[in-house]
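Asks: Starting off with a structure, shown below.
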Amino acid sequence: MTVSVPPRPREVMTALVSPEGRRDPYPLYDALRAHGGLVPVKPGLMAAVGYAECSRALREPRLLVQDAASHDALYPNWRSHSSLRGFTNSVLYTNPPDHSRMRRLMSAAFTPRRVAGLEPAIVRMTDRLLDRMARLGGDGAPVDFMAEFAYRLPVAVIGAMLGVPDDDRIWFRTAVEHVTVALEGVSRASDLAPADRAMDELAAYFTALVGRRRRRPADDLISALVQAHDNDGERFTEDELVGNLVLLLAAGFDTTTHLLGQGLQLAFAHPEWAARLPHDPHLAAGYVEETLRIAPPVHATSRIAGTEVDLLGTRVPAGTKVLVLLAAGNRDPRRFPEPHRFDPARPDVQPLSFGAGAHFCLGAPLARLEARLALPRLLARFPGLAPAGTPTLRDRLVVPGHDELPVTVGRPPAAGDGLGDQRNSRYR
């Protein structure tokens with residue numbers, strides 16, 4: 001009798017960061033989970049791959065995000081990179097009490113009432129972009145869904161909230177594409193050169209915009225944050241103000257962009273659900289939650305044990321880095337029966353895709369709202385929407401997704417045409 005031995009965790013992690021592993025990480029997540037929900041990889045590194053373990057790690061206050069102090073210990077030269085400095089001045093890489101102080105200020109922008117009040121504007125923006133897609137693809141020409149819709153809608157929404165003029169939003173996509181490389185983790189310093197340039201450009205832009213709003217306030221988030229800073233300088237430093245504005249821009253549309261892209265990819269792979277989505281008003285929420293579960297826009301985050309922690313019965317020594325693989329937790333068979341099956345009718349989903357605990361994503365309700373409104377309207381407007389070639393995937397581990405997703409808007413999908421024939425374990 002032959003007994004199958006799962007590959008060692010360290011081998012799996014090496015495969016996970018390879019180009020092949022980044023293209024389809026789900027079999028590797030399963031291989032890690034064969035060793036348990038919280039897996040020692042090597043001294044000083046553990047990986048949380050079970051749903052319960054990921055959820056607990058995100059909520060454990062003794063597990064800290066990588067802040068300036070931990071960067072000093074791990075990457076002595078990190079301060080020479082403006083991309084790392086910028087994000088470390090934001091809530092993303094800050095621990096209490098500074099994190100609590102900044103988050104209180106920023107959370108006022110994402111109250112349930114404020115987010116719900118954006119629905120009419122999101123519908124108008126969606127319909128304008130669908131009109132644009134109809135014009136671009138009216139003669140049967142392929143249209144890149146990512147460039148013409150999935151990017152433009154969330155950047156318009158977060159741009160309107162921040163108070164960014166329409167004409168200034170065109171160059172944001174490239175800048176954010178570069179600056180978010182800094183969120184993938186430091187490997188080689190040379191990899192951060194484009195991220196540093198993008199952070200410098202974004203910081204200069206927001207510094208100038210803050211100056212204009214200081215002289216002439218408007219009804220937008222930047223004006224509100226400037227007022228909070230100026231009324232009490234201890235509430236926001238100037239660097240924190242700019243760092244959080246860059247974060248709000250980057251997180252405000254990068255993750256939503258790829259949520260929309262994954263939602264459409266899944267519609268092509270599962271036409272039975274796509275056909276129902278425009279006509280069943282109760283399905284949209286479940287469709288978005290299942291998309292977030294099975295193909296989340298963010299796959300991983302990390303924590304560092306400030307002291308020794310017992311995490312659901314496993315000892316995590318002080319100083320240990322815990323890689324929290326959200327996408328692996330979302331497919332834990334202990335939590336989700338048939339975890340690789342896409343089922344928008346699945347009950348009690350609660351994906352981990354936007355994190356949990358003190359660092360739960362402030363923009364999660366807005367991203368969900370945009371996807372719930374946009375995807376049904378997209379499929380209702382273009383019932384013949386179909387793939388128009390092979391999509392191009394981002395070469396990322398933390399925030400994967402599509403660089404390009406070409407579609408045609410005017411013809412019905414033909415048998416054997418498109419992404420339904422290109423399924424891998426991402427879309428099973």
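Just remember, in the structure tokens the first chain shown is A, the second B, etc., residues are 1-based per chain, and ligands are 1-based in the order shown.
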Between segment 7-119 of chain A and segment 390-409 of chain A, at 7 Å or less, what are the per-residue closest atom pairs and their distances in Å? Count only C-alpha atoms, order by chain and rising residue number, and return it as a Markdown table.
Replies:
| residue | atom | partner | partner_atom | distance |
| --- | --- | --- | --- | --- |
| A:Val17 | CA | A:Leu397 | CA | 6.9 |
| A:Pro19 | CA | A:Asp395 | CA | 6.8 |
| A:Arg22 | CA | A:Leu397 | CA | 5.4 |
Asks: Apply DSSP to the structure's backbone, then extract all residues of segment 114-361 of chain A labelled helix (DSSP H, G or I) and return them as a PyMOL selection string.
Replies: chain A and resi 114-116+119-137+145-150+152-162+166-169+172-184+189-215+221-231+238-269+271-276+283-294+326-329+357-359
Asks: For each of A:Phe206, A:Phe382, A:Phe87, A:Tyr75, take the minimum atom-to-atom distance to Val181 of chain A, counting only C-alpha atoms, then give the residue where this is smallest.
Replies: A:Phe87
Asks: Mind checking which residues fall within 8 Å of Glu370 of chain A, counting only C-alpha atoms, ignoring those fewer than 6 positions away in the same chain, and posting them as a list in words?
Replies: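 Within the cut-off, the hits are Ile122, Pro154 and Thr256 of chain A.
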Asks: Could you list, with a cut-off of 9 Å and counting only C-alpha atoms, the residues of segment 45-124 of chain A near segment 334-346 of chain A, each shown with its nearest atom pair and the distance in Å rounded to one decimal, rows sorted by chain and ascending number, as a tab-separated table?
Replies:
residue	atom	partner	partner_atom	distance
A:Gly50	CA	A:Arg334	CA	8.0
A:Tyr51	CA	A:Arg335	CA	6.6
A:Ala52	CA	A:Arg335	CA	8.1
Asks: Show me, as a list in words, the residues that have an atom within 6 Å of Val49 of chain A when counting only C-alpha atoms, minus same-chain residues fewer than 6 positions from it.
Replies: Arg33, Gly37, Leu325, Ala328 and Gly329 of chain A
Asks: Go ahead and write the selection's residues with N, CA and C atoms as a short mmCIF file (atom, residue, chain, number, x, y, z; two decimals), in the first residue's frame.
Replies:
data_model
loop_
_atom_site.label_atom_id
_atom_site.label_comp_id
_atom_site.auth_asym_id
_atom_site.auth_seq_id
_atom_site.Cartn_x
_atom_site.Cartn_y
_atom_site.Cartn_z
N ARG A 33 -2.50 23.09 3.96
CA ARG A 33 -3.54 22.75 4.92
C ARG A 33 -3.49 21.28 5.32
N GLY A 37 -4.12 23.64 10.39
CA GLY A 37 -4.65 24.97 10.15
C GLY A 37 -3.65 26.07 10.38
N LEU A 325 -3.02 33.48 5.25
CA LEU A 325 -3.43 33.24 3.87
C LEU A 325 -4.95 33.23 3.81
N ALA A 328 -6.68 30.89 1.43
CA ALA A 328 -6.68 29.50 1.88
C ALA A 328 -7.77 29.27 2.91
N GLY A 329 -7.89 30.19 3.87
CA GLY A 329 -8.95 30.07 4.86
C GLY A 329 -10.33 30.06 4.24
#
Asks: When you draw a straight line from atom CA of Asp98 of chain A to atom CA of Val65 of chain A, how long is it in Å?
Replies: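 So the two atoms, atom CA of Asp98 of chain A and atom CA of Val65 of chain A, lie 12.3 Å apart.
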Asks: When you draw a straight line from atom CA of Leu352 of chain A to atom CA of Gly286 of chain A, how long is it in Å?
Replies: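 Calculated distance between atom CA of Leu352 of chain A and atom CA of Gly286 of chain A is 14.7 Å.
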Asks: Ranking A:Leu259, A:Ala358, A:Leu28, A:Leu323 by minimum distance to Pro96 of chain A and counting only C-alpha atoms, which one comes first?
Replies: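 Among A:Leu259, A:Ala358, A:Leu28, A:Leu323, it is A:Ala358 that comes nearest to Pro96 of chain A.
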Asks: Between A:Ala250, A:Leu209, A:Pro387, A:Ala327, which has the minimum distance to Leu266 of chain A (counting only C-alpha atoms)?
Replies: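 Using only C-alpha atoms, the shortest distance to Leu266 of chain A belongs to A:Pro387.
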Asks: With distances taken over only C-alpha atoms, which residue among A:Ala285, A:Met102, A:Leu74, A:Leu311 lies nearest Leu369 of chain A?
Replies: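 The answer is A:Ala285, which sits nearest to Leu369 of chain A.
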Asks: What's the 12 Å shell around His35 of chain A, counting only C-alpha atoms, without same-chain residues fewer than 2 positions away, as a PyMOL selection string?
Replies: chain A and resi 5-10+12+28-33+37-41+46-50
Asks: Put those residues in a file: N, CA and C atoms, as a short mmCIF file (atom, residue, chain, number, x, y, z; two decimals), in the first residue's frame.
Replies:
data_model
loop_
_atom_site.label_atom_id
_atom_site.label_comp_id
_atom_site.auth_asym_id
_atom_site.auth_seq_id
_atom_site.Cartn_x
_atom_site.Cartn_y
_atom_site.Cartn_z
N VAL A 5 2.54 11.20 0.89
CA VAL A 5 3.07 12.12 1.90
C VAL A 5 3.02 13.54 1.32
N PRO A 6 2.34 14.46 1.99
CA PRO A 6 2.27 15.83 1.45
C PRO A 6 3.63 16.48 1.45
N PRO A 7 3.90 17.35 0.49
CA PRO A 7 5.19 18.04 0.47
C PRO A 7 5.39 18.85 1.73
N ARG A 8 6.65 19.04 2.08
CA ARG A 8 6.95 19.79 3.30
C ARG A 8 6.52 21.24 3.14
N PRO A 9 6.10 21.88 4.25
CA PRO A 9 5.61 23.26 4.16
C PRO A 9 6.60 24.22 3.52
N ARG A 10 7.87 24.06 3.82
CA ARG A 10 8.85 24.99 3.25
C ARG A 10 8.90 24.85 1.72
N VAL A 12 6.40 23.90 -0.15
CA VAL A 12 5.16 24.48 -0.67
C VAL A 12 5.27 26.00 -0.73
N LEU A 28 -1.67 24.65 -3.83
CA LEU A 28 -0.61 24.82 -2.83
C LEU A 28 -1.20 25.16 -1.47
N TYR A 29 -2.27 25.95 -1.45
CA TYR A 29 -2.95 26.20 -0.18
C TYR A 29 -3.46 24.87 0.41
N ASP A 30 -4.03 24.02 -0.45
CA ASP A 30 -4.50 22.72 0.03
C ASP A 30 -3.34 21.89 0.57
N ALA A 31 -2.19 21.95 -0.11
CA ALA A 31 -1.03 21.18 0.34
C ALA A 31 -0.55 21.67 1.70
N LEU A 32 -0.57 22.97 1.93
CA LEU A 32 -0.22 23.49 3.25
C LEU A 32 -1.22 23.05 4.30
N ARG A 33 -2.50 23.09 3.96
CA ARG A 33 -3.54 22.75 4.92
C ARG A 33 -3.49 21.28 5.32
N GLY A 37 -4.12 23.64 10.39
CA GLY A 37 -4.65 24.97 10.15
C GLY A 37 -3.65 26.07 10.38
N LEU A 38 -2.65 25.84 11.23
CA LEU A 38 -1.57 26.78 11.50
C LEU A 38 -0.27 26.01 11.36
N VAL A 39 0.50 26.30 10.33
CA VAL A 39 1.59 25.42 9.91
C VAL A 39 2.95 26.09 10.14
N PRO A 40 3.84 25.46 10.94
CA PRO A 40 5.22 25.96 11.02
C PRO A 40 5.92 25.74 9.68
N VAL A 41 6.49 26.80 9.12
CA VAL A 41 7.18 26.72 7.83
C VAL A 41 8.68 26.60 8.05
N MET A 46 5.30 31.08 10.39
CA MET A 46 4.19 30.15 10.38
C MET A 46 3.16 30.65 9.37
N ALA A 47 2.35 29.73 8.87
CA ALA A 47 1.31 30.09 7.90
C ALA A 47 -0.04 29.65 8.43
N ALA A 48 -0.98 30.59 8.53
CA ALA A 48 -2.36 30.27 8.89
C ALA A 48 -3.14 30.00 7.62
N VAL A 49 -3.66 28.78 7.49
CA VAL A 49 -4.37 28.38 6.27
C VAL A 49 -5.77 27.87 6.55
N GLY A 50 -6.12 27.62 7.80
CA GLY A 50 -7.47 27.24 8.16
C GLY A 50 -8.33 28.46 8.41
#
Asks: Extract the full set of strand (DSSP E or B) residues from segment 223-362 of chain A according to DSSP on the backbone, and format it as a ChimeraX atom specification.
Replies: /A:300-305,309-311,314-316,321-325
Asks: Generate a file of the selected residues that holds C-alpha atoms, formatted as an mmCIF file, in the first residue's frame.
Replies:
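This is the output file out-v6.cif:
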data_model
loop_
_atom_site.group_PDB
_atom_site.id
_atom_site.type_symbol
_atom_site.label_atom_id
_atom_site.label_comp_id
_atom_site.auth_asym_id
_atom_site.auth_seq_id
_atom_site.Cartn_x
_atom_site.Cartn_y
_atom_site.Cartn_z
ATOM 1 C CA ALA A 300 -2.676 37.324 2.182
ATOM 2 C CA THR A 301 -1.662 39.560 5.018
ATOM 3 C CA SER A 302 0.729 39.046 7.913
ATOM 4 C CA ARG A 303 1.160 39.541 11.628
ATOM 5 C CA ILE A 304 4.110 39.394 14.051
ATOM 6 C CA ALA A 305 3.795 37.989 17.554
ATOM 7 C CA VAL A 309 0.686 33.615 21.826
ATOM 8 C CA ASP A 310 -1.425 30.479 22.100
ATOM 9 C CA LEU A 311 -3.381 30.420 18.837
ATOM 10 C CA THR A 314 -0.654 26.109 18.844
ATOM 11 C CA ARG A 315 2.248 27.982 20.441
ATOM 12 C CA VAL A 316 3.438 30.998 18.477
ATOM 13 C CA LYS A 321 5.821 36.116 11.630
ATOM 14 C CA VAL A 322 2.409 34.622 10.859
ATOM 15 C CA LEU A 323 1.484 34.688 7.180
ATOM 16 C CA VAL A 324 -2.320 34.816 7.160
ATOM 17 C CA LEU A 325 -3.428 33.243 3.871
#
Asks: Please indicate the distance in Å from atom CA of His229 of chain A to atom CA of Ala203 of chain A, rounded to one decimal place.
Replies: 16.7 Å
